[in-house]
Amino acid sequence: MTDALKRLSDEGVAIWLDDLSRTRLTSGNLAELVRDKHVVGVTTNPTIFQKAIGGSSDAYDAQLRDLAVRGVTVEEAVRMMTAADVREAADVLRPVYDASNGRDGRVSIEVDPRLAHNTEATIAEAKQLAWLVDRPNTLIKIPATKAGLPAIAAVLGEGISVNVTLIFSLERYRGVMDAFLTGLETAKANGQDLSSIESVASFFVSRVDTEIDKRLDKLATPEAKAAKSKAAVANAQLAYQAYEEVFSSDRWAALAEAGAKPQRPLWASTGVKDPSLDDTLYVVELVAPGTVNTMPEATLNAVADHGVIRGDSVTGSYAAAQGVMDELAGLGISYDDVVQVLEDEGVEKFEASWKELLDTVSASLAKFAPKGGTAK
């Protein structure tokens with residue numbers, strides 16, 4: 001049997017797991033995935049932590065009891081719990097980090113999603129998270145909102161490694177890469193070691209098809225039906241074209257000369273939402289050197305079981321990808337509206353998950369609080 005995940009890694013795609021929980025850590029499952037499934041990184045987000053902590057019967061109880069006795073605030077408790085998981089995951093992945101010279105073995109933790117439109121608060125939160133987790137192989141996730149772009153540059157300028165999240169549009173992705181270059185230029189001017197700064201740009205995939213296919217279904221024409229489920233891959237392929245352009249520029253060359261490493265495109269939201277599609281679609285069609293694919297475990301297992309890796313499926317696809325986007329425009333699908341809706345919904349969904357997480361932890365703290373005491 002062929003090892004599709006090894007083939008994927010050999011093609012230059014770093015395989016990261018899009019999930020984390022304390023049970024995954026204490027059971028040894030994460031270590032097993034690193035050992036057996038070529039996993040070399042982990043991403044988290046507010047929804048992942050909400051499911052992990054909200055869905056766990058007792059994995060967090062000991063820590064919750066201690067936090068309740070101390071009388072900490074709900075927000076402090078959430079940060080202590082999530083940081084503890086990220087710290088332990090970073091320790092599991094530390095050998096990968098060391099073996100890859102800091103390229104992989106990374107674990108991401110996201111700033112409070114309620115700060116997505118506040119530049120200064122995002123910067124402050126990112127610095128606090130880097131201090132709290134205190135592991136060199138951490139990435140601080142910052143959303144690619146308009147307010148997020150200057151925050152990304154500022155945090156990188158401090159020498160903190162960043163995972164830029166919630167990227168949907170090609171224009172915004174170019175803004176993200178510009179913020180990355182600006183941040184490294186600042187770091188260089190500040191005397192930072194550029195070789196120690198890592199960054200990925202999380203370009204979301206499946207949600208693009210979900211939103212566009214919904215609009216195509218409303219058109220209910222043969223042309224619209226034929227155009228379904230093509231946009232997400234095409235959008236990502238064009239993003240890689242933009243990546244190749246920026247990282248072959250003179251501006252980048254000056255930073256590379258100083259020891260900087262490129263900001264890799266990371267394919268996020270790679271779980272297939274439409275059951276009629278191949279469940280490995282957003283992996284096998286986005287194979288390109290120097291990329292990361294962060295997968296839910298179901299997608300990881302699907303690729304391992306029946307994924308067919310045909311080699312680089314991105315480079316050289318740009319004309320066809322642009323043709324897909326032009327066809328959609330001809331059908332009246334507004335790309336600018338689609339990506340704005342997706343960004344707005346992405347922030348809103350993470351905010352909602354964060355609120356659910358706060359509510360869950362608040363109830364747990366109240367349960368474990370000493371008699372006569374309450375959670376703050």
# chains A, B, ... in the order shown; residues from 1 in each chain; ligands from 1

$ residues_around --residues "Met80 in chain A" --least-positions-apart "4" --cutoff "9 Å" --atoms "only C-alpha atoms" --output "ChimeraX atom specification"
/A:63,67,75-76,84-85,132

$ write_last_selection --atoms "N, CA and C atoms" --output "short mmCIF file (atom, residue, chain, number, x, y, z; two decimals), in the first residue's frame"
data_model
loop_
_atom_site.label_atom_id
_atom_site.label_comp_id
_atom_site.auth_asym_id
_atom_site.auth_seq_id
_atom_site.Cartn_x
_atom_site.Cartn_y
_atom_site.Cartn_z
N GLN A 63 -7.61 21.12 36.50
CA GLN A 63 -7.17 22.50 36.34
C GLN A 63 -8.30 23.47 36.67
N LEU A 67 -8.23 26.51 39.38
CA LEU A 67 -8.53 27.88 38.95
C LEU A 67 -9.69 28.45 39.76
N GLU A 75 -12.07 34.76 31.87
CA GLU A 75 -11.16 34.97 30.74
C GLU A 75 -9.74 34.50 31.07
N GLU A 76 -9.31 34.73 32.30
CA GLU A 76 -7.98 34.24 32.69
C GLU A 76 -7.97 32.72 32.68
N ALA A 84 -2.02 26.09 28.27
CA ALA A 84 -1.44 24.84 28.77
C ALA A 84 -1.45 23.76 27.69
N ASP A 85 -2.55 23.67 26.95
CA ASP A 85 -2.63 22.68 25.87
C ASP A 85 -1.62 22.98 24.76
N LEU A 132 3.00 34.04 27.50
CA LEU A 132 2.29 33.06 28.33
C LEU A 132 2.64 31.62 27.94
#

$ residues_around --residues "Gln50 in chain A" --least-positions-apart "2" --cutoff "10 Å" --atoms "only C-alpha atoms" --output "list of chain:residue names"
A:Ser21, A:Asn45, A:Pro46, A:Thr47, A:Ile48, A:Ala52, A:Ile53, A:Gly54, A:Gly55, A:Ser56, A:Val78, A:Thr82, A:Phe350, A:Ala352, A:Ser353, A:Trp354, A:Lys355, A:Glu356, A:Leu357, A:Leu358, A:Asp359, A:Thr360, A:Val361

$ select_by_dssp --residues "range 64-233 of chain A" --states "strand (DSSP E or B)" --output "list of chain:residue names"
A:Arg106, A:Val107, A:Ser108, A:Ile109, A:Glu110, A:Thr138, A:Leu139, A:Ile140, A:Lys141, A:Ile142, A:Pro143, A:Val162, A:Asn163, A:Val164, A:Thr165, A:Leu166, A:Ile167, A:Ser199, A:Val200, A:Ala201, A:Ser202, A:Phe203, A:Phe204

$ write_last_selection --atoms "N, CA, C and O atoms" --output "short mmCIF file (atom, residue, chain, number, x, y, z; two decimals), in the first residue's frame"
data_model
loop_
_atom_site.label_atom_id
_atom_site.label_comp_id
_atom_site.auth_asym_id
_atom_site.auth_seq_id
_atom_site.Cartn_x
_atom_site.Cartn_y
_atom_site.Cartn_z
N ARG A 106 5.47 23.40 14.73
CA ARG A 106 4.83 24.62 15.22
C ARG A 106 3.41 24.34 15.72
O ARG A 106 2.69 23.52 15.17
N VAL A 107 3.00 25.09 16.75
CA VAL A 107 1.64 25.01 17.29
C VAL A 107 1.09 26.44 17.36
O VAL A 107 1.76 27.34 17.87
N SER A 108 -0.13 26.62 16.86
CA SER A 108 -0.73 27.97 16.80
C SER A 108 -1.74 28.20 17.91
O SER A 108 -2.48 27.29 18.29
N ILE A 109 -1.77 29.42 18.40
CA ILE A 109 -2.79 29.86 19.35
C ILE A 109 -3.27 31.24 18.91
O ILE A 109 -2.46 32.09 18.53
N GLU A 110 -4.57 31.45 18.94
CA GLU A 110 -5.16 32.63 18.32
C GLU A 110 -5.48 33.73 19.34
O GLU A 110 -5.89 33.45 20.47
N THR A 138 5.97 28.26 18.94
CA THR A 138 4.58 28.73 18.92
C THR A 138 4.38 29.72 17.77
O THR A 138 5.28 30.48 17.42
N LEU A 139 3.19 29.69 17.18
CA LEU A 139 2.77 30.71 16.23
C LEU A 139 1.56 31.42 16.82
O LEU A 139 0.63 30.76 17.29
N ILE A 140 1.56 32.74 16.79
CA ILE A 140 0.41 33.51 17.26
C ILE A 140 -0.49 33.80 16.06
O ILE A 140 -0.05 34.40 15.08
N LYS A 141 -1.74 33.37 16.16
CA LYS A 141 -2.67 33.56 15.04
C LYS A 141 -3.34 34.93 15.13
O LYS A 141 -3.92 35.30 16.15
N ILE A 142 -3.26 35.66 14.02
CA ILE A 142 -3.87 36.98 13.91
C ILE A 142 -4.73 36.99 12.65
O ILE A 142 -4.25 36.62 11.58
N PRO A 143 -6.00 37.40 12.75
CA PRO A 143 -6.85 37.40 11.56
C PRO A 143 -6.45 38.48 10.55
O PRO A 143 -6.00 39.56 10.93
N VAL A 162 4.21 34.37 13.47
CA VAL A 162 2.78 34.63 13.29
C VAL A 162 2.16 33.70 12.25
O VAL A 162 2.74 33.43 11.20
N ASN A 163 0.97 33.22 12.59
CA ASN A 163 0.10 32.52 11.65
C ASN A 163 -1.04 33.49 11.32
O ASN A 163 -1.84 33.82 12.19
N VAL A 164 -1.08 33.95 10.09
CA VAL A 164 -2.14 34.87 9.67
C VAL A 164 -3.35 34.04 9.23
O VAL A 164 -3.23 33.18 8.36
N THR A 165 -4.50 34.29 9.83
CA THR A 165 -5.67 33.44 9.58
C THR A 165 -6.80 34.21 8.90
O THR A 165 -6.76 35.44 8.77
N LEU A 166 -7.80 33.44 8.46
CA LEU A 166 -9.01 33.99 7.82
C LEU A 166 -8.69 34.80 6.57
O LEU A 166 -9.21 35.90 6.38
N ILE A 167 -7.86 34.25 5.69
CA ILE A 167 -7.59 34.88 4.40
C ILE A 167 -8.48 34.20 3.36
O ILE A 167 -8.45 32.97 3.20
N SER A 199 6.52 32.31 9.71
CA SER A 199 5.15 32.77 9.47
C SER A 199 4.49 31.92 8.40
O SER A 199 5.16 31.45 7.46
N VAL A 200 3.19 31.70 8.57
CA VAL A 200 2.38 31.07 7.54
C VAL A 200 1.17 31.97 7.30
O VAL A 200 0.75 32.71 8.18
N ALA A 201 0.63 31.88 6.09
CA ALA A 201 -0.56 32.65 5.72
C ALA A 201 -1.68 31.66 5.43
O ALA A 201 -1.65 30.94 4.43
N SER A 202 -2.67 31.60 6.32
CA SER A 202 -3.73 30.59 6.23
C SER A 202 -4.81 31.04 5.26
O SER A 202 -5.67 31.87 5.59
N PHE A 203 -4.76 30.47 4.08
CA PHE A 203 -5.71 30.78 3.00
C PHE A 203 -6.82 29.74 3.06
O PHE A 203 -6.58 28.55 2.88
N PHE A 204 -8.05 30.20 3.33
CA PHE A 204 -9.17 29.29 3.55
C PHE A 204 -9.72 28.77 2.21
O PHE A 204 -9.83 29.52 1.25
#

$ residues_around --residues "Arg251 in chain A" --least-positions-apart "3" --cutoff "12 Å" --atoms "only C-alpha atoms" --output "PDB file with N, CA, C and O atoms, in the first residue's frame"
ATOM      1  N   MET A 177       1.017  39.446   2.659  1.00  0.00           N
ATOM      2  CA  MET A 177       2.428  39.273   2.310  1.00  0.00           C
ATOM      3  C   MET A 177       3.195  40.590   2.445  1.00  0.00           C
ATOM      4  O   MET A 177       4.348  40.601   2.888  1.00  0.00           O
ATOM      5  N   ASP A 178       2.548  41.695   2.117  1.00  0.00           N
ATOM      6  CA  ASP A 178       3.179  43.000   2.303  1.00  0.00           C
ATOM      7  C   ASP A 178       3.422  43.275   3.784  1.00  0.00           C
ATOM      8  O   ASP A 178       4.490  43.784   4.169  1.00  0.00           O
ATOM      9  N   PHE A 180       3.878  41.034   6.057  1.00  0.00           N
ATOM     10  CA  PHE A 180       4.971  40.140   6.442  1.00  0.00           C
ATOM     11  C   PHE A 180       6.322  40.772   6.102  1.00  0.00           C
ATOM     12  O   PHE A 180       7.237  40.812   6.951  1.00  0.00           O
ATOM     13  N   LEU A 181       6.446  41.272   4.888  1.00  0.00           N
ATOM     14  CA  LEU A 181       7.712  41.881   4.481  1.00  0.00           C
ATOM     15  C   LEU A 181       8.013  43.125   5.315  1.00  0.00           C
ATOM     16  O   LEU A 181       9.151  43.338   5.746  1.00  0.00           O
ATOM     17  N   THR A 182       6.989  43.928   5.572  1.00  0.00           N
ATOM     18  CA  THR A 182       7.171  45.125   6.399  1.00  0.00           C
ATOM     19  C   THR A 182       7.615  44.736   7.809  1.00  0.00           C
ATOM     20  O   THR A 182       8.518  45.357   8.389  1.00  0.00           O
ATOM     21  N   LEU A 184       9.231  42.025   8.762  1.00  0.00           N
ATOM     22  CA  LEU A 184      10.618  41.543   8.756  1.00  0.00           C
ATOM     23  C   LEU A 184      11.605  42.686   8.555  1.00  0.00           C
ATOM     24  O   LEU A 184      12.701  42.668   9.137  1.00  0.00           O
ATOM     25  N   GLU A 185      11.219  43.659   7.757  1.00  0.00           N
ATOM     26  CA  GLU A 185      12.094  44.827   7.580  1.00  0.00           C
ATOM     27  C   GLU A 185      12.262  45.572   8.902  1.00  0.00           C
ATOM     28  O   GLU A 185      13.364  46.031   9.237  1.00  0.00           O
ATOM     29  N   GLU A 245       5.164  35.212  -7.079  1.00  0.00           N
ATOM     30  CA  GLU A 245       5.556  36.543  -7.557  1.00  0.00           C
ATOM     31  C   GLU A 245       6.236  37.343  -6.446  1.00  0.00           C
ATOM     32  O   GLU A 245       7.313  37.915  -6.643  1.00  0.00           O
ATOM     33  N   VAL A 246       5.605  37.379  -5.281  1.00  0.00           N
ATOM     34  CA  VAL A 246       6.131  38.202  -4.180  1.00  0.00           C
ATOM     35  C   VAL A 246       7.479  37.666  -3.701  1.00  0.00           C
ATOM     36  O   VAL A 246       8.409  38.447  -3.439  1.00  0.00           O
ATOM     37  N   PHE A 247       7.591  36.346  -3.617  1.00  0.00           N
ATOM     38  CA  PHE A 247       8.821  35.784  -3.072  1.00  0.00           C
ATOM     39  C   PHE A 247       9.895  35.513  -4.131  1.00  0.00           C
ATOM     40  O   PHE A 247      10.840  34.768  -3.888  1.00  0.00           O
ATOM     41  N   SER A 248       9.726  36.164  -5.279  1.00  0.00           N
ATOM     42  CA  SER A 248      10.814  36.226  -6.258  1.00  0.00           C
ATOM     43  C   SER A 248      11.192  37.685  -6.522  1.00  0.00           C
ATOM     44  O   SER A 248      11.941  37.977  -7.443  1.00  0.00           O
ATOM     45  N   ALA A 254      16.325  40.814  -0.534  1.00  0.00           N
ATOM     46  CA  ALA A 254      17.134  41.526   0.468  1.00  0.00           C
ATOM     47  C   ALA A 254      16.920  40.934   1.857  1.00  0.00           C
ATOM     48  O   ALA A 254      17.858  40.844   2.657  1.00  0.00           O
ATOM     49  N   LEU A 255      15.694  40.517   2.154  1.00  0.00           N
ATOM     50  CA  LEU A 255      15.406  39.900   3.446  1.00  0.00           C
ATOM     51  C   LEU A 255      15.961  38.477   3.521  1.00  0.00           C
ATOM     52  O   LEU A 255      16.486  38.051   4.552  1.00  0.00           O
ATOM     53  N   ALA A 256      15.839  37.749   2.418  1.00  0.00           N
ATOM     54  CA  ALA A 256      16.381  36.391   2.379  1.00  0.00           C
ATOM     55  C   ALA A 256      17.892  36.414   2.597  1.00  0.00           C
ATOM     56  O   ALA A 256      18.449  35.549   3.286  1.00  0.00           O
ATOM     57  N   GLU A 257      18.529  37.424   2.040  1.00  0.00           N
ATOM     58  CA  GLU A 257      19.973  37.573   2.201  1.00  0.00           C
ATOM     59  C   GLU A 257      20.335  37.755   3.672  1.00  0.00           C
ATOM     60  O   GLU A 257      21.414  37.347   4.123  1.00  0.00           O
ATOM     61  N   ALA A 258      19.399  38.341   4.434  1.00  0.00           N
ATOM     62  CA  ALA A 258      19.631  38.577   5.864  1.00  0.00           C
ATOM     63  C   ALA A 258      19.186  37.388   6.723  1.00  0.00           C
ATOM     64  O   ALA A 258      19.199  37.480   7.953  1.00  0.00           O
ATOM     65  N   ALA A 260      16.106  35.588   6.356  1.00  0.00           N
ATOM     66  CA  ALA A 260      14.667  35.372   6.491  1.00  0.00           C
ATOM     67  C   ALA A 260      14.202  34.151   5.701  1.00  0.00           C
ATOM     68  O   ALA A 260      14.775  33.794   4.673  1.00  0.00           O
ATOM     69  N   PRO A 262      10.751  32.357   3.801  1.00  0.00           N
ATOM     70  CA  PRO A 262       9.476  32.800   3.217  1.00  0.00           C
ATOM     71  C   PRO A 262       8.289  32.492   4.123  1.00  0.00           C
ATOM     72  O   PRO A 262       8.316  31.528   4.899  1.00  0.00           O
TER      73      PRO A 262
END

$ residues_around --residues "range 272-285 of chain A" --least-positions-apart "4" --cutoff "8 Å" --atoms "only C-alpha atoms" --output "PDB file with all heavy atoms, in the first residue's frame"
ATOM      1  N   VAL A 205     -10.060  27.491   2.204  1.00  0.00           N
ATOM      2  CA  VAL A 205     -10.390  26.836   0.936  1.00  0.00           C
ATOM      3  C   VAL A 205     -11.869  26.436   0.850  1.00  0.00           C
ATOM      4  O   VAL A 205     -12.639  27.033   0.099  1.00  0.00           O
ATOM      5  CB  VAL A 205      -9.483  25.603   0.721  1.00  0.00           C
ATOM      6  CG1 VAL A 205      -9.773  24.967  -0.644  1.00  0.00           C
ATOM      7  CG2 VAL A 205      -8.007  25.985   0.812  1.00  0.00           C
ATOM      8  N   SER A 206     -12.300  25.454   1.629  1.00  0.00           N
ATOM      9  CA  SER A 206     -13.620  24.856   1.397  1.00  0.00           C
ATOM     10  C   SER A 206     -14.772  25.851   1.535  1.00  0.00           C
ATOM     11  O   SER A 206     -15.787  25.734   0.837  1.00  0.00           O
ATOM     12  CB  SER A 206     -13.846  23.683   2.350  1.00  0.00           C
ATOM     13  OG  SER A 206     -13.953  24.119   3.690  1.00  0.00           O
ATOM     14  N   THR A 210     -18.364  26.480  -0.582  1.00  0.00           N
ATOM     15  CA  THR A 210     -19.669  26.440   0.098  1.00  0.00           C
ATOM     16  C   THR A 210     -20.489  27.679  -0.234  1.00  0.00           C
ATOM     17  O   THR A 210     -21.680  27.586  -0.580  1.00  0.00           O
ATOM     18  CB  THR A 210     -19.479  26.325   1.618  1.00  0.00           C
ATOM     19  OG1 THR A 210     -18.751  25.125   1.910  1.00  0.00           O
ATOM     20  CG2 THR A 210     -20.816  26.299   2.335  1.00  0.00           C
ATOM     21  N   VAL A 233     -10.495  25.642  -5.207  1.00  0.00           N
ATOM     22  CA  VAL A 233      -9.174  25.213  -5.667  1.00  0.00           C
ATOM     23  C   VAL A 233      -8.559  26.272  -6.570  1.00  0.00           C
ATOM     24  O   VAL A 233      -7.370  26.609  -6.444  1.00  0.00           O
ATOM     25  CB  VAL A 233      -9.268  23.853  -6.384  1.00  0.00           C
ATOM     26  CG1 VAL A 233      -7.967  23.536  -7.116  1.00  0.00           C
ATOM     27  CG2 VAL A 233      -9.590  22.751  -5.377  1.00  0.00           C
ATOM     28  N   ASN A 293      -0.536  22.109   4.635  1.00  0.00           N
ATOM     29  CA  ASN A 293      -1.946  21.775   4.581  1.00  0.00           C
ATOM     30  C   ASN A 293      -2.347  21.330   5.986  1.00  0.00           C
ATOM     31  O   ASN A 293      -1.849  20.324   6.486  1.00  0.00           O
ATOM     32  CB  ASN A 293      -2.231  20.666   3.569  1.00  0.00           C
ATOM     33  CG  ASN A 293      -3.715  20.557   3.233  1.00  0.00           C
ATOM     34  OD1 ASN A 293      -4.548  20.465   4.128  1.00  0.00           O
ATOM     35  ND2 ASN A 293      -4.037  20.584   1.946  1.00  0.00           N
ATOM     36  N   THR A 299      -9.974  14.231   7.541  1.00  0.00           N
ATOM     37  CA  THR A 299      -9.348  14.443   6.238  1.00  0.00           C
ATOM     38  C   THR A 299      -7.976  13.789   6.188  1.00  0.00           C
ATOM     39  O   THR A 299      -7.598  13.171   5.183  1.00  0.00           O
ATOM     40  CB  THR A 299      -9.228  15.952   5.949  1.00  0.00           C
ATOM     41  OG1 THR A 299     -10.536  16.541   6.001  1.00  0.00           O
ATOM     42  CG2 THR A 299      -8.613  16.221   4.589  1.00  0.00           C
ATOM     43  N   ALA A 302      -8.540  10.199   5.634  1.00  0.00           N
ATOM     44  CA  ALA A 302      -9.011   9.936   4.269  1.00  0.00           C
ATOM     45  C   ALA A 302      -7.849   9.941   3.283  1.00  0.00           C
ATOM     46  O   ALA A 302      -7.763   9.072   2.400  1.00  0.00           O
ATOM     47  CB  ALA A 302     -10.051  10.982   3.864  1.00  0.00           C
ATOM     48  N   VAL A 303      -6.953  10.907   3.433  1.00  0.00           N
ATOM     49  CA  VAL A 303      -5.781  10.967   2.545  1.00  0.00           C
ATOM     50  C   VAL A 303      -4.912   9.733   2.753  1.00  0.00           C
ATOM     51  O   VAL A 303      -4.439   9.114   1.789  1.00  0.00           O
ATOM     52  CB  VAL A 303      -4.976  12.254   2.796  1.00  0.00           C
ATOM     53  CG1 VAL A 303      -3.686  12.250   1.970  1.00  0.00           C
ATOM     54  CG2 VAL A 303      -5.806  13.484   2.443  1.00  0.00           C
ATOM     55  N   GLY A 307      -6.086   8.657  -0.562  1.00  0.00           N
ATOM     56  CA  GLY A 307      -5.635   9.831  -1.298  1.00  0.00           C
ATOM     57  C   GLY A 307      -4.664   9.444  -2.416  1.00  0.00           C
ATOM     58  O   GLY A 307      -3.814   8.575  -2.228  1.00  0.00           O
ATOM     59  N   VAL A 308      -4.809  10.091  -3.546  1.00  0.00           N
ATOM     60  CA  VAL A 308      -3.920   9.846  -4.694  1.00  0.00           C
ATOM     61  C   VAL A 308      -3.125  11.124  -4.961  1.00  0.00           C
ATOM     62  O   VAL A 308      -3.664  12.115  -5.468  1.00  0.00           O
ATOM     63  CB  VAL A 308      -4.706   9.440  -5.952  1.00  0.00           C
ATOM     64  CG1 VAL A 308      -3.742   9.204  -7.126  1.00  0.00           C
ATOM     65  CG2 VAL A 308      -5.538   8.183  -5.681  1.00  0.00           C
ATOM     66  N   ILE A 309      -1.868  11.109  -4.567  1.00  0.00           N
ATOM     67  CA  ILE A 309      -1.008  12.281  -4.737  1.00  0.00           C
ATOM     68  C   ILE A 309      -0.310  12.152  -6.086  1.00  0.00           C
ATOM     69  O   ILE A 309       0.496  11.247  -6.303  1.00  0.00           O
ATOM     70  CB  ILE A 309       0.018  12.374  -3.589  1.00  0.00           C
ATOM     71  CG1 ILE A 309      -0.686  12.297  -2.225  1.00  0.00           C
ATOM     72  CG2 ILE A 309       0.837  13.647  -3.722  1.00  0.00           C
ATOM     73  CD1 ILE A 309      -1.730  13.348  -1.979  1.00  0.00           C
ATOM     74  N   ARG A 310      -0.630  13.067  -6.995  1.00  0.00           N
ATOM     75  CA  ARG A 310      -0.120  12.999  -8.363  1.00  0.00           C
ATOM     76  C   ARG A 310       1.077  13.910  -8.587  1.00  0.00           C
ATOM     77  O   ARG A 310       1.498  14.108  -9.720  1.00  0.00           O
ATOM     78  CB  ARG A 310      -1.223  13.386  -9.356  1.00  0.00           C
ATOM     79  CG  ARG A 310      -2.528  12.624  -9.191  1.00  0.00           C
ATOM     80  CD  ARG A 310      -3.533  13.018 -10.270  1.00  0.00           C
ATOM     81  NE  ARG A 310      -3.694  14.464 -10.355  1.00  0.00           N
ATOM     82  CZ  ARG A 310      -4.509  15.173  -9.578  1.00  0.00           C
ATOM     83  NH1 ARG A 310      -5.228  14.559  -8.639  1.00  0.00           N
ATOM     84  NH2 ARG A 310      -4.614  16.480  -9.722  1.00  0.00           N
ATOM     85  N   SER A 313       0.183  19.867  -8.187  1.00  0.00           N
ATOM     86  CA  SER A 313      -1.091  20.090  -8.880  1.00  0.00           C
ATOM     87  C   SER A 313      -1.459  21.572  -8.915  1.00  0.00           C
ATOM     88  O   SER A 313      -2.606  21.921  -9.216  1.00  0.00           O
ATOM     89  CB  SER A 313      -2.202  19.289  -8.191  1.00  0.00           C
ATOM     90  OG  SER A 313      -2.242  19.558  -6.797  1.00  0.00           O
ATOM     91  N   VAL A 314      -0.496  22.428  -8.626  1.00  0.00           N
ATOM     92  CA  VAL A 314      -0.765  23.866  -8.554  1.00  0.00           C
ATOM     93  C   VAL A 314       0.039  24.651  -9.592  1.00  0.00           C
ATOM     94  O   VAL A 314      -0.523  25.407 -10.394  1.00  0.00           O
ATOM     95  CB  VAL A 314      -0.462  24.408  -7.138  1.00  0.00           C
ATOM     96  CG1 VAL A 314      -0.607  25.920  -7.098  1.00  0.00           C
ATOM     97  CG2 VAL A 314      -1.377  23.758  -6.108  1.00  0.00           C
TER      98      VAL A 314
END

$ residues_around --residues "range 234-244 of chain A" --least-positions-apart "5" --cutoff "6 Å" --atoms "only C-alpha atoms" --output "short mmCIF file (atom, residue, chain, number, x, y, z; two decimals) with C-alpha atoms, in the first residue's frame"
data_model
loop_
_atom_site.label_atom_id
_atom_site.label_comp_id
_atom_site.auth_asym_id
_atom_site.auth_seq_id
_atom_site.Cartn_x
_atom_site.Cartn_y
_atom_site.Cartn_z
CA LEU A 170 -6.32 37.38 -3.37
CA VAL A 314 -0.76 23.87 -8.55
CA TYR A 318 -2.90 29.55 -13.25
CA ALA A 321 -7.74 28.80 -12.53
#

$ residues_around --residues "range 112-118 of chain A" --least-positions-apart "5" --cutoff "7 Å" --atoms "only C-alpha atoms" --output "ChimeraX atom specification"
/A:143,145,147-148,347,350-351

$ write_last_selection --atoms "N, CA, C and O atoms" --output "CSV table (one decimal), in the first residue's frame"
chain,number,residue,atom,x,y,z
A,143,PRO,N,-6.0,37.4,12.7
A,143,PRO,CA,-6.9,37.4,11.6
A,143,PRO,C,-6.5,38.5,10.6
A,143,PRO,O,-6.0,39.6,10.9
A,145,THR,N,-7.9,40.7,8.9
A,145,THR,CA,-8.8,41.8,8.8
A,145,THR,C,-8.0,43.1,8.4
A,145,THR,O,-6.8,43.1,8.5
A,147,ALA,N,-7.8,45.7,10.1
A,147,ALA,CA,-7.1,46.1,11.4
A,147,ALA,C,-6.0,45.1,11.7
A,147,ALA,O,-5.0,45.5,12.4
A,148,GLY,N,-6.1,43.9,11.2
A,148,GLY,CA,-5.1,42.9,11.5
A,148,GLY,C,-3.8,43.1,10.8
A,148,GLY,O,-2.7,42.7,11.3
A,347,VAL,N,-15.1,35.8,11.2
A,347,VAL,CA,-14.8,36.5,12.5
A,347,VAL,C,-16.0,36.2,13.4
A,347,VAL,O,-15.8,35.9,14.6
A,350,PHE,N,-16.0,32.7,15.0
A,350,PHE,CA,-15.0,32.5,16.0
A,350,PHE,C,-15.4,33.3,17.3
A,350,PHE,O,-15.1,32.9,18.4
A,351,GLU,N,-16.0,34.5,17.1
A,351,GLU,CA,-16.5,35.2,18.3
A,351,GLU,C,-17.6,34.4,19.0
A,351,GLU,O,-17.6,34.4,20.2

$ closest_residue --among "A:Glu171, A:Asp305, A:Asp312, A:Asp98" --to "Ser9 in chain A" --atoms "only C-alpha atoms"
A:Asp312

$ select_by_dssp --residues "range 285-323 of chain A" --states "helix (DSSP H, G or I)" --output "PDB file with C-alpha atoms, in the first residue's frame"
ATOM      1  CA  GLU A 297      -8.246  14.280  11.528  1.00  0.00           C
ATOM      2  CA  ALA A 298     -11.015  12.887   9.278  1.00  0.00           C
ATOM      3  CA  THR A 299      -9.348  14.443   6.238  1.00  0.00           C
ATOM      4  CA  LEU A 300      -5.927  13.253   7.361  1.00  0.00           C
ATOM      5  CA  ASN A 301      -7.256   9.708   7.645  1.00  0.00           C
ATOM      6  CA  ALA A 302      -9.011   9.936   4.269  1.00  0.00           C
ATOM      7  CA  VAL A 303      -5.781  10.967   2.545  1.00  0.00           C
ATOM      8  CA  ALA A 304      -3.906   8.175   4.308  1.00  0.00           C
ATOM      9  CA  ASP A 305      -6.564   5.643   3.261  1.00  0.00           C
ATOM     10  CA  HIS A 306      -7.276   6.547  -0.376  1.00  0.00           C
ATOM     11  CA  TYR A 318      -2.896  29.552 -13.246  1.00  0.00           C
ATOM     12  CA  ALA A 319      -4.488  30.162 -16.657  1.00  0.00           C
ATOM     13  CA  ALA A 320      -7.116  27.479 -16.044  1.00  0.00           C
ATOM     14  CA  ALA A 321      -7.739  28.801 -12.528  1.00  0.00           C
ATOM     15  CA  GLN A 322      -8.252  32.325 -13.833  1.00  0.00           C
ATOM     16  CA  GLY A 323     -10.642  30.877 -16.409  1.00  0.00           C
TER      17      GLY A 323
END

$ decode --residues "range 32-38 of chain A" --atoms "N, CA and C atoms" --output "mmCIF file, in the first residue's frame"
data_model
loop_
_atom_site.group_PDB
_atom_site.id
_atom_site.type_symbol
_atom_site.label_atom_id
_atom_site.label_comp_id
_atom_site.auth_asym_id
_atom_site.auth_seq_id
_atom_site.Cartn_x
_atom_site.Cartn_y
_atom_site.Cartn_z
ATOM 1 N N GLU A 32 1.378 9.951 18.488
ATOM 2 C CA GLU A 32 1.205 8.874 17.506
ATOM 3 C C GLU A 32 1.067 9.430 16.093
ATOM 4 N N LEU A 33 0.309 10.524 15.942
ATOM 5 C CA LEU A 33 0.131 11.117 14.623
ATOM 6 C C LEU A 33 1.448 11.666 14.084
ATOM 7 N N VAL A 34 2.257 12.210 14.975
ATOM 8 C CA VAL A 34 3.576 12.691 14.564
ATOM 9 C C VAL A 34 4.441 11.519 14.111
ATOM 10 N N ARG A 35 4.360 10.432 14.854
ATOM 11 C CA ARG A 35 5.187 9.254 14.553
ATOM 12 C C ARG A 35 4.700 8.497 13.313
ATOM 13 N N ASP A 36 3.367 8.349 13.183
ATOM 14 C CA ASP A 36 2.838 7.440 12.165
ATOM 15 C C ASP A 36 2.190 8.109 10.963
ATOM 16 N N LYS A 37 1.775 9.382 11.097
ATOM 17 C CA LYS A 37 1.006 10.025 10.019
ATOM 18 C C LYS A 37 1.697 11.271 9.448
ATOM 19 N N HIS A 38 2.982 11.415 9.719
ATOM 20 C CA HIS A 38 3.775 12.505 9.125
ATOM 21 C C HIS A 38 3.282 13.897 9.535
#
